[in-house]
Amino acid sequence: MNAKQKQDSHALKREPRKVTLHTLRNMKIKGDKAAFITAYDYPTARYADIAGVDMILVGDSVANTTLGYTSTTCVDMEDMIRHSGAVTRAVERAFVIGDMPFMSYQQSDEAAVVNAGRFIKAGCDAVKCEGGKRVTPRIRAMVNAGMVVMGHLGLTPQSLAQLSGYRVQGKTAAQLDILREDIVALEKAGAHLVLLEAMPPEAGKELHDSVEIPVYGIGAGPHVDGQLLILHDIIGMQDTTLLRKPSFAKRYTEVGNIIIEALSRYCEDVRSEAFPAEEHWYKGRI
Ligand code: KIV
């Protein structure tokens with residue numbers, strides 16, 4: 001089978017219907033777990049969609065994974081809309097969520113609605129913003145404007161300084177109480193979905209069981225409605241100076257090594273003049 005035939009056979013195996021909010025709610029009711037990953041560009045979003053991933057987050061982690069920054073706070077709306085458009089142009093089935101970058105919703109309800117609207121115009125099915133009680137007015141405003149909104153609790157990288165760095169959240173009863181109040185407040189404000197990041201499985205379960213809406217996790221244990229991982233952690237496309245695979249992520253392949261090996265063979269072929277061979281020349285005489 002060549003590469004195209006392999007892709008076609010994967011595409012045939014996946015459930016063809018577009019994933020909607022209704023699909024996600026039904027999956028929760030049936031106990032079907034959603035496979036959720038990040039993607040930031042056309043080709044990887046296309047591969048994810050063909051592979052049958054249910055949900056794609058165009059995460060502000062594009063800052064670290066793709067743009068070479070060390071913090072998610074470095075990306076802005078222009079970055080996020082460009083990457084969201086690339087993803088939504090590639091995707092036919094998965095539910096696509098645009099991640100609202102730092103300072104695109106913090107300042108006012110109006111800013112939140114205008115910026116969230118740009119993600120929807122770029123083809124996203126929903127937007128995500130970080131925070132609990134303190135962002136509920138923003139969530140309510142975006143929901144009132146007709147948009148599907150995902151909340152994000154636990155380790156929220158946009159407020160990393162307040163959290164004193166990358167730390168597991170919800171480890172104490174007091175922390176868990178605050179998170180429980182936050183998730184209930186998000187649901188009350190109209191959030192349709194919630195993502196939990198970096199907490200013990202018991203905390204993940206407790207928060208999941210505190211609300212009716214679908215709750216997903218990244219490093220939050222198994223007792224949630226689906227699992228999110230960062231694409232680059234799964235496929236081994238990391239420069240270790242920018243990213244380290246977190247312990248909760250599972251590595252399925254080493255794409256970085258495959259790319260380095262292919263490019264070093266290309267370098268050798270150019271230097272030895274093995275490339276271009278006659279088959280790579282345009283045919284015809286001048
Ligand atoms: O930007 C992102 O990828 C995220 C996840 C880490 C939750 O927000």
# chains A, B, ... in the order shown; residues from 1 in each chain; ligands from 1

call {"tool": "residues_near_ligand", "arguments": {"ligand": "ligand 1", "cutoff": "7 Å", "atoms": "only C-alpha atoms and all ligand atoms", "output": "ChimeraX atom specification"}}
result
/A:38,57-62,99,197,218,230

call {"tool": "write_last_selection", "arguments": {"atoms": "N, CA, C and O atoms", "output": "PDB file, in the first residue's frame"}}
result
ATOM      1  N   THR A  38      -3.832  18.363  20.362  1.00  0.00           N
ATOM      2  CA  THR A  38      -3.590  19.700  19.818  1.00  0.00           C
ATOM      3  C   THR A  38      -3.107  19.551  18.376  1.00  0.00           C
ATOM      4  O   THR A  38      -2.508  18.530  18.016  1.00  0.00           O
ATOM      5  N   LEU A  57      -7.579  20.791  19.669  1.00  0.00           N
ATOM      6  CA  LEU A  57      -7.378  22.119  20.272  1.00  0.00           C
ATOM      7  C   LEU A  57      -6.263  22.819  19.505  1.00  0.00           C
ATOM      8  O   LEU A  57      -5.150  22.288  19.401  1.00  0.00           O
ATOM      9  N   VAL A  58      -6.589  23.989  18.945  1.00  0.00           N
ATOM     10  CA  VAL A  58      -5.525  24.832  18.401  1.00  0.00           C
ATOM     11  C   VAL A  58      -5.016  25.605  19.618  1.00  0.00           C
ATOM     12  O   VAL A  58      -5.537  26.669  19.970  1.00  0.00           O
ATOM     13  N   GLY A  59      -4.056  24.990  20.315  1.00  0.00           N
ATOM     14  CA  GLY A  59      -3.647  25.490  21.624  1.00  0.00           C
ATOM     15  C   GLY A  59      -2.675  26.668  21.524  1.00  0.00           C
ATOM     16  O   GLY A  59      -1.921  26.781  20.547  1.00  0.00           O
ATOM     17  N   ASP A  60      -2.680  27.488  22.573  1.00  0.00           N
ATOM     18  CA  ASP A  60      -1.653  28.538  22.609  1.00  0.00           C
ATOM     19  C   ASP A  60      -0.283  27.912  22.908  1.00  0.00           C
ATOM     20  O   ASP A  60       0.746  28.585  22.858  1.00  0.00           O
ATOM     21  N   SER A  61      -0.271  26.587  23.140  1.00  0.00           N
ATOM     22  CA  SER A  61       0.999  25.861  23.215  1.00  0.00           C
ATOM     23  C   SER A  61       1.713  25.882  21.864  1.00  0.00           C
ATOM     24  O   SER A  61       2.863  25.454  21.776  1.00  0.00           O
ATOM     25  N   VAL A  62       1.058  26.407  20.828  1.00  0.00           N
ATOM     26  CA  VAL A  62       1.757  26.664  19.559  1.00  0.00           C
ATOM     27  C   VAL A  62       3.004  27.518  19.826  1.00  0.00           C
ATOM     28  O   VAL A  62       3.993  27.431  19.094  1.00  0.00           O
ATOM     29  N   ASP A  99      -7.986  28.285  21.078  1.00  0.00           N
ATOM     30  CA  ASP A  99      -7.542  28.643  22.425  1.00  0.00           C
ATOM     31  C   ASP A  99      -7.330  30.156  22.494  1.00  0.00           C
ATOM     32  O   ASP A  99      -6.491  30.707  21.767  1.00  0.00           O
ATOM     33  N   GLU A 197      -6.355  20.324  33.845  1.00  0.00           N
ATOM     34  CA  GLU A 197      -4.939  20.093  33.535  1.00  0.00           C
ATOM     35  C   GLU A 197      -4.138  19.839  34.809  1.00  0.00           C
ATOM     36  O   GLU A 197      -4.223  20.614  35.776  1.00  0.00           O
ATOM     37  N   ILE A 218      -6.049  16.641  30.734  1.00  0.00           N
ATOM     38  CA  ILE A 218      -4.676  16.486  30.243  1.00  0.00           C
ATOM     39  C   ILE A 218      -3.832  16.311  31.507  1.00  0.00           C
ATOM     40  O   ILE A 218      -3.722  17.252  32.306  1.00  0.00           O
ATOM     41  N   ILE A 230      -0.669  16.877  23.967  1.00  0.00           N
ATOM     42  CA  ILE A 230      -0.027  17.786  23.004  1.00  0.00           C
ATOM     43  C   ILE A 230       0.554  16.904  21.890  1.00  0.00           C
ATOM     44  O   ILE A 230       1.288  15.951  22.160  1.00  0.00           O
TER      45      ILE A 230
END

call {"tool": "residues_around", "arguments": {"residues": "A:Val53", "least_positions_apart": "3", "cutoff": "6 Å", "atoms": "only C-alpha atoms", "output": "PDB file with N, CA and C atoms, in the first residue's frame"}}
result
ATOM      1  N   ALA A  35     -11.042  11.143  22.039  1.00  0.00           N
ATOM      2  CA  ALA A  35      -9.595  11.304  21.781  1.00  0.00           C
ATOM      3  C   ALA A  35      -9.381  12.735  21.312  1.00  0.00           C
ATOM      4  N   ALA A  48      -4.563  14.124  11.845  1.00  0.00           N
ATOM      5  CA  ALA A  48      -5.342  13.840  13.055  1.00  0.00           C
ATOM      6  C   ALA A  48      -6.783  13.512  12.683  1.00  0.00           C
ATOM      7  N   ASP A  49      -7.322  14.264  11.744  1.00  0.00           N
ATOM      8  CA  ASP A  49      -8.710  14.053  11.326  1.00  0.00           C
ATOM      9  C   ASP A  49      -8.862  12.691  10.646  1.00  0.00           C
TER      10      ASP A  49
END

call {"tool": "closest_atom_pairs", "arguments": {"of": "stretch 128-239 of chain A", "to": "stretch 100-114 of chain A", "cutoff": "8 Å", "atoms": "only C-alpha atoms", "output": "Markdown table"}}
result
| residue | atom | partner | partner_atom | distance |
| --- | --- | --- | --- | --- |
| A:Lys128 | CA | A:Met100 | CA | 5.9 |
| A:Cys129 | CA | A:Met100 | CA | 5.5 |
| A:Val135 | CA | A:Gln106 | CA | 7.6 |
| A:Pro137 | CA | A:Asp109 | CA | 6.8 |
| A:Arg138 | CA | A:Asp109 | CA | 4.9 |
| A:Ala141 | CA | A:Asp109 | CA | 6.0 |
| A:Met142 | CA | A:Val113 | CA | 5.2 |
| A:Ala145 | CA | A:Val113 | CA | 7.0 |
| A:Gln158 | CA | A:Phe102 | CA | 6.1 |

call {"tool": "write_last_selection", "arguments": {"atoms": "C-alpha atoms", "output": "mmCIF file, in the first residue's frame"}}
result
data_model
loop_
_atom_site.group_PDB
_atom_site.id
_atom_site.type_symbol
_atom_site.label_atom_id
_atom_site.label_comp_id
_atom_site.auth_asym_id
_atom_site.auth_seq_id
_atom_site.Cartn_x
_atom_site.Cartn_y
_atom_site.Cartn_z
ATOM 1 C CA LYS A 128 -11.411 27.862 25.271
ATOM 2 C CA CYS A 129 -10.319 30.261 27.984
ATOM 3 C CA VAL A 135 -13.700 34.424 34.120
ATOM 4 C CA PRO A 137 -18.593 37.012 33.300
ATOM 5 C CA ARG A 138 -16.534 36.442 30.109
ATOM 6 C CA ALA A 141 -20.898 36.976 27.560
ATOM 7 C CA MET A 142 -19.476 34.569 24.954
ATOM 8 C CA ALA A 145 -23.273 35.733 21.906
ATOM 9 C CA GLN A 158 -1.301 31.826 31.191
#

call {"tool": "residues_around", "arguments": {"residues": "A:Asn257", "least_positions_apart": "3", "cutoff": "10 Å", "atoms": "only C-alpha atoms", "output": "PyMOL selection string"}}
result
chain A and resi 236-238+253-254+260-263

call {"tool": "select_by_dssp", "arguments": {"residues": "stretch 125-262 of chain A", "states": "strand (DSSP E or B)", "output": "NGL selection string"}}
result
:A and (126-131 or 149-154 or 193-197 or 215-218 or 226-229)

call {"tool": "atom_distance", "arguments": {"atom1": "atom CA of A:Gly131", "atom2": "atom CA of A:Tyr42"}}
result
28.8 Å

call {"tool": "select_by_dssp", "arguments": {"residues": "stretch 74-164 of chain A", "states": "helix (DSSP H, G or I)", "output": "PyMOL selection string"}}
result
chain A and resi 74+77-90+109-121+133-144+157-159

call {"tool": "closest_residue", "arguments": {"among": "A:Gly154, A:Gly221, A:Pro276, A:Pro214", "to": "A:Asp32", "atoms": "only C-alpha atoms"}}
result
A:Pro214

call {"tool": "closest_residue", "arguments": {"among": "A:Ile213, A:Val194, A:Leu176, A:Ala189", "to": "A:His22", "atoms": "only C-alpha atoms"}}
result
A:Ile213

call {"tool": "atom_distance", "arguments": {"atom1": "atom CA of A:Asp239", "atom2": "atom CA of A:Pro43"}}
result
19.6 Å

call {"tool": "residues_around", "arguments": {"residues": "stretch 118-125 of chain A", "least_positions_apart": "5", "cutoff": "7 Å", "atoms": "only C-alpha atoms", "output": "list in words"}}
result
Ile81, Ser84, Gly85, Thr88, Phe95, Val96, Ile97, Gly98 and Val148 of chain A

call {"tool": "write_last_selection", "arguments": {"atoms": "N, CA and C atoms", "output": "CSV table (one decimal), in the first residue's frame"}}
result
chain,number,residue,atom,x,y,z
A,81,ILE,N,-5.2,33.1,15.2
A,81,ILE,CA,-6.2,33.0,14.1
A,81,ILE,C,-5.6,32.4,12.8
A,84,SER,N,-5.4,28.7,13.6
A,84,SER,CA,-6.8,28.2,13.6
A,84,SER,C,-7.3,27.9,12.2
A,85,GLY,N,-7.1,28.9,11.3
A,85,GLY,CA,-7.5,28.8,10.0
A,85,GLY,C,-6.9,27.6,9.3
A,88,THR,N,-8.6,24.5,10.7
A,88,THR,CA,-10.0,24.3,10.3
A,88,THR,C,-10.2,24.0,8.7
A,95,PHE,N,-14.0,18.0,16.1
A,95,PHE,CA,-14.6,19.3,16.8
A,95,PHE,C,-13.4,20.1,17.1
A,96,VAL,N,-13.3,21.3,16.5
A,96,VAL,CA,-12.1,22.2,16.6
A,96,VAL,C,-12.3,23.3,17.6
A,97,ILE,N,-11.4,23.4,18.6
A,97,ILE,CA,-11.5,24.5,19.6
A,97,ILE,C,-10.3,25.4,19.5
A,98,GLY,N,-10.6,26.7,19.4
A,98,GLY,CA,-9.6,27.7,19.4
A,98,GLY,C,-9.3,28.2,20.8
A,148,VAL,N,-19.9,28.3,21.6
A,148,VAL,CA,-19.7,27.2,22.5
A,148,VAL,C,-18.3,27.5,23.2

call {"tool": "atom_distance", "arguments": {"atom1": "atom CA of A:Arg140", "atom2": "atom CA of A:Ala174"}}
result
26.5 Å

call {"tool": "residues_around", "arguments": {"residues": "A:Gly52", "least_positions_apart": "3", "cutoff": "9 Å", "atoms": "only C-alpha atoms", "output": "VMD selection string"}}
result
chain A and resid 10 to 11 13 to 16 35 47 to 49 93 to 94

call {"tool": "closest_residue", "arguments": {"among": "A:Tyr166, A:Tyr282, A:Phe36, A:Tyr69", "to": "A:Ile234", "atoms": "only C-alpha atoms"}}
result
A:Phe36

call {"tool": "closest_residue", "arguments": {"among": "A:Leu231, A:Ala63, A:Met199, A:Ala86", "to": "A:Val255", "atoms": "only C-alpha atoms"}}
result
A:Leu231
